[in-house]
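Everything below concerns the one structure shown next.
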Amino acid sequence: QVQLVESGGGSVQAGGSLRLSCAASRSIFSINAMNWYRQAPGKQREFVATITSGGSTNYADSVKGRFTISRDYAKNTVYLQMNSLKPEDTAVYYCNVQSGNWRNNYWGQGTQVTVSS
């Protein structure tokens with residue numbers, strides 16, 4: 001069973017930056033996409049960013065131009081660089097990996113990001 005472990009969350013003032021990391025416990029065969037989602041209190045989990053096996057990226061409109069997703073397959077790790085953070089970015093951020101022709105879906109335990117005004 002693959003485990004995903006997020007790190008890098010914390011508290012920051014508006015305008016600040018954080019870099020989230022998500023490391024897999026072992027190599028994941030045939031990754032289709034690596035993603036970040038987030039869930040704010042009282043809200044549904046929402047998509048933040050994705051990077052496909054081919055390197056294509058896509059972002060939620062709310063984070064475009066501020067967040068950057070990247071990966072290091074050799075380290076089984078995906079990153080989320082978050083700049084110009086806003087209070088509305090406050091949420092628990094979850095890492096997600098899809099593999100095996102989209103048949104496998106792995107989730108991390110989440111890391112808290114808190115942005116104060």
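Residues are referred to by chain and number: the chain letter is A, B, ... according to the order shown in the structure tokens, the number counts from 1 in that chain, and ligands are numbered separately from 1 in the order shown.
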
- Message: Which residues are close to Ser7 in chain A, i.e. within 12 Å by only C-alpha atoms, leaving aside same-chain residues fewer than 4 positions away? Reply as a VMD selection string.
- Response: chain A and resid 18 to 24 77 to 80 92 to 95 108 to 113

Can you write out the residues you just picked, keeping N, CA, C and O atoms, as a short mmCIF file (atom, residue, chain, number, x, y, z; two decimals), in the first residue's frame?
```cif
data_model
loop_
_atom_site.label_atom_id
_atom_site.label_comp_id
_atom_site.auth_asym_id
_atom_site.auth_seq_id
_atom_site.Cartn_x
_atom_site.Cartn_y
_atom_site.Cartn_z
N LEU A 18 4.62 29.63 1.06
CA LEU A 18 4.88 28.32 1.64
C LEU A 18 5.13 27.35 0.51
O LEU A 18 4.61 27.52 -0.60
N ARG A 19 5.89 26.30 0.81
CA ARG A 19 6.10 25.24 -0.17
C ARG A 19 5.69 23.92 0.47
O ARG A 19 6.28 23.49 1.46
N LEU A 20 4.69 23.30 -0.12
CA LEU A 20 4.23 21.99 0.35
C LEU A 20 4.96 20.89 -0.41
O LEU A 20 5.24 21.03 -1.60
N SER A 21 5.21 19.81 0.30
CA SER A 21 5.80 18.62 -0.32
C SER A 21 4.92 17.42 -0.02
O SER A 21 4.27 17.37 1.02
N CYS A 22 4.94 16.48 -0.92
CA CYS A 22 4.20 15.23 -0.72
C CYS A 22 5.08 14.10 -1.21
O CYS A 22 5.38 14.01 -2.41
N ALA A 23 5.50 13.25 -0.30
CA ALA A 23 6.39 12.16 -0.63
C ALA A 23 5.67 10.83 -0.52
O ALA A 23 4.97 10.57 0.47
N ALA A 24 5.87 9.99 -1.51
CA ALA A 24 5.29 8.66 -1.49
C ALA A 24 6.24 7.69 -0.79
O ALA A 24 7.46 7.84 -0.86
N THR A 77 8.08 12.49 -5.30
CA THR A 77 7.59 13.66 -4.58
C THR A 77 6.94 14.67 -5.51
O THR A 77 7.41 14.87 -6.64
N VAL A 78 5.88 15.27 -5.04
CA VAL A 78 5.23 16.38 -5.74
C VAL A 78 5.23 17.58 -4.81
O VAL A 78 5.13 17.43 -3.59
N TYR A 79 5.38 18.76 -5.39
CA TYR A 79 5.49 19.99 -4.62
C TYR A 79 4.39 20.98 -5.01
O TYR A 79 3.86 20.92 -6.12
N LEU A 80 4.10 21.88 -4.11
CA LEU A 80 3.21 23.00 -4.41
C LEU A 80 3.82 24.26 -3.81
O LEU A 80 3.85 24.41 -2.59
N VAL A 92 -6.96 22.82 4.77
CA VAL A 92 -6.12 21.63 4.83
C VAL A 92 -5.83 21.22 3.39
O VAL A 92 -6.76 21.07 2.59
N TYR A 93 -4.56 21.07 3.07
CA TYR A 93 -4.14 20.73 1.72
C TYR A 93 -3.81 19.24 1.64
O TYR A 93 -3.06 18.73 2.47
N TYR A 94 -4.37 18.59 0.62
CA TYR A 94 -4.20 17.15 0.46
C TYR A 94 -3.49 16.85 -0.86
O TYR A 94 -3.81 17.42 -1.91
N CYS A 95 -2.59 15.90 -0.77
CA CYS A 95 -1.91 15.38 -1.94
C CYS A 95 -2.69 14.18 -2.47
O CYS A 95 -3.24 13.38 -1.68
N GLY A 108 -3.03 11.64 0.70
CA GLY A 108 -2.27 11.90 1.90
C GLY A 108 -3.19 12.27 3.05
O GLY A 108 -4.41 12.37 2.88
N GLN A 109 -2.59 12.51 4.21
CA GLN A 109 -3.40 12.80 5.40
C GLN A 109 -3.74 14.28 5.54
O GLN A 109 -4.58 14.66 6.36
N GLY A 110 -3.09 15.10 4.75
CA GLY A 110 -3.38 16.54 4.76
C GLY A 110 -2.41 17.32 5.62
O GLY A 110 -1.86 16.81 6.59
N THR A 111 -2.21 18.57 5.23
CA THR A 111 -1.37 19.48 6.01
C THR A 111 -2.08 20.83 6.08
O THR A 111 -2.62 21.31 5.08
N GLN A 112 -2.09 21.43 7.26
CA GLN A 112 -2.83 22.66 7.49
C GLN A 112 -2.04 23.86 7.00
O GLN A 112 -0.84 24.01 7.32
N VAL A 113 -2.72 24.73 6.26
CA VAL A 113 -2.16 26.02 5.87
C VAL A 113 -3.08 27.10 6.40
O VAL A 113 -4.29 27.08 6.13
#
```

- Quick one: DSSP strand (DSSP E or B) residues in chain A, as a PyMOL selection string? chain A and resi 4-7+10-13+18-24+31-39+46-52+57-59+67-72+77-82+91-99+104-108+111-116

- CA of Arg38 in chain A to CA of Gly55 in chain A, straight-line distance in Å: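 Distance between the two atoms: 21.4 Å.
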
- Check the smallest atom-to-atom distance from each of A:Glu6, A:Ser17, A:Phe29, A:Gln39 to Thr68 in chain A using only C-alpha atoms, then report the winner. A:Ser17

- Please identify which residues in chain A DSSP calls helix (DSSP H, G or I) from the backbone, and express them as an MDAnalysis selection string. chainID A and resid 73:75 87:89

Expected file contents, prior selection, C-alpha atoms, as a PDB file, in the first residue's frame:
```
ATOM      1  CA  TYR A  73       9.697  11.313  -9.893  1.00  0.00           C
ATOM      2  CA  ALA A  74      13.115  10.138  -8.742  1.00  0.00           C
ATOM      3  CA  LYS A  75      12.144  11.187  -5.223  1.00  0.00           C
ATOM      4  CA  PRO A  87      -6.560  34.452   3.920  1.00  0.00           C
ATOM      5  CA  GLU A  88      -8.962  32.576   1.636  1.00  0.00           C
ATOM      6  CA  ASP A  89      -6.176  30.076   0.926  1.00  0.00           C
TER       7      ASP A  89
END
```

- Selection near Ala40 in chain A, 8 Å with only C-alpha atoms, sequence-local residues under 4 positions removed, as a list in words: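 Within the cut-off, the hits are Gln44, Arg45, Thr90, Ala91 and Val92 of chain A.
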
Could the residues in this selection be saved with all heavy atoms as a PDB file, in the first residue's frame?
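Dumped to result-v2.pdb:
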```
ATOM      1  N   GLN A  44     -16.547  22.007   0.883  1.00  0.00           N
ATOM      2  CA  GLN A  44     -16.163  20.756   0.240  1.00  0.00           C
ATOM      3  C   GLN A  44     -14.707  20.824  -0.220  1.00  0.00           C
ATOM      4  O   GLN A  44     -14.163  21.906  -0.468  1.00  0.00           O
ATOM      5  CB  GLN A  44     -17.070  20.477  -0.961  1.00  0.00           C
ATOM      6  CG  GLN A  44     -18.499  20.115  -0.578  1.00  0.00           C
ATOM      7  CD  GLN A  44     -19.306  19.645  -1.769  1.00  0.00           C
ATOM      8  OE1 GLN A  44     -19.046  20.040  -2.906  1.00  0.00           O
ATOM      9  NE2 GLN A  44     -20.279  18.785  -1.525  1.00  0.00           N
ATOM     10  N   ARG A  45     -14.107  19.656  -0.345  1.00  0.00           N
ATOM     11  CA  ARG A  45     -12.752  19.591  -0.878  1.00  0.00           C
ATOM     12  C   ARG A  45     -12.764  20.076  -2.326  1.00  0.00           C
ATOM     13  O   ARG A  45     -13.653  19.709  -3.098  1.00  0.00           O
ATOM     14  CB  ARG A  45     -12.227  18.154  -0.801  1.00  0.00           C
ATOM     15  CG  ARG A  45     -10.754  18.003  -1.090  1.00  0.00           C
ATOM     16  CD  ARG A  45     -10.281  16.581  -0.802  1.00  0.00           C
ATOM     17  NE  ARG A  45     -10.437  16.230   0.605  1.00  0.00           N
ATOM     18  CZ  ARG A  45      -9.956  15.115   1.146  1.00  0.00           C
ATOM     19  NH1 ARG A  45      -9.263  14.261   0.381  1.00  0.00           N
ATOM     20  NH2 ARG A  45     -10.147  14.855   2.415  1.00  0.00           N
ATOM     21  N   THR A  90      -6.563  29.643   3.282  1.00  0.00           N
ATOM     22  CA  THR A  90      -6.536  28.835   4.506  1.00  0.00           C
ATOM     23  C   THR A  90      -7.360  27.560   4.326  1.00  0.00           C
ATOM     24  O   THR A  90      -8.541  27.627   3.956  1.00  0.00           O
ATOM     25  CB  THR A  90      -7.079  29.647   5.687  1.00  0.00           C
ATOM     26  OG1 THR A  90      -6.191  30.743   5.947  1.00  0.00           O
ATOM     27  CG2 THR A  90      -7.189  28.787   6.936  1.00  0.00           C
ATOM     28  N   ALA A  91      -6.724  26.428   4.554  1.00  0.00           N
ATOM     29  CA  ALA A  91      -7.388  25.131   4.346  1.00  0.00           C
ATOM     30  C   ALA A  91      -6.425  24.017   4.749  1.00  0.00           C
ATOM     31  O   ALA A  91      -5.236  24.266   4.987  1.00  0.00           O
ATOM     32  CB  ALA A  91      -7.791  24.962   2.883  1.00  0.00           C
ATOM     33  N   VAL A  92      -6.965  22.820   4.771  1.00  0.00           N
ATOM     34  CA  VAL A  92      -6.119  21.629   4.832  1.00  0.00           C
ATOM     35  C   VAL A  92      -5.834  21.224   3.389  1.00  0.00           C
ATOM     36  O   VAL A  92      -6.762  21.069   2.589  1.00  0.00           O
ATOM     37  CB  VAL A  92      -6.794  20.480   5.586  1.00  0.00           C
ATOM     38  CG1 VAL A  92      -5.910  19.241   5.562  1.00  0.00           C
ATOM     39  CG2 VAL A  92      -7.096  20.897   7.020  1.00  0.00           C
TER      40      VAL A  92
END
```

- Item | Residues near Ile51 in chain A, cut-off 10 Å, only C-alpha atoms, skip fewer than 2 positions along chain, as an MDAnalysis selection string | chainID A and resid 32:36 49 53:59 68:71 78 97

- Note on the structure: CA of Val12 in chain A sits from CA of Val115 in chain A at a separation of 5.0 Å

- Message: Please report the interatomic distance between CA of Phe47 in chain A and CA of Ser25 in chain A in Å with one decimal.
- Response: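 Taking CA of Phe47 in chain A as the start and CA of Ser25 in chain A as the end point, the length is 23.0 Å.
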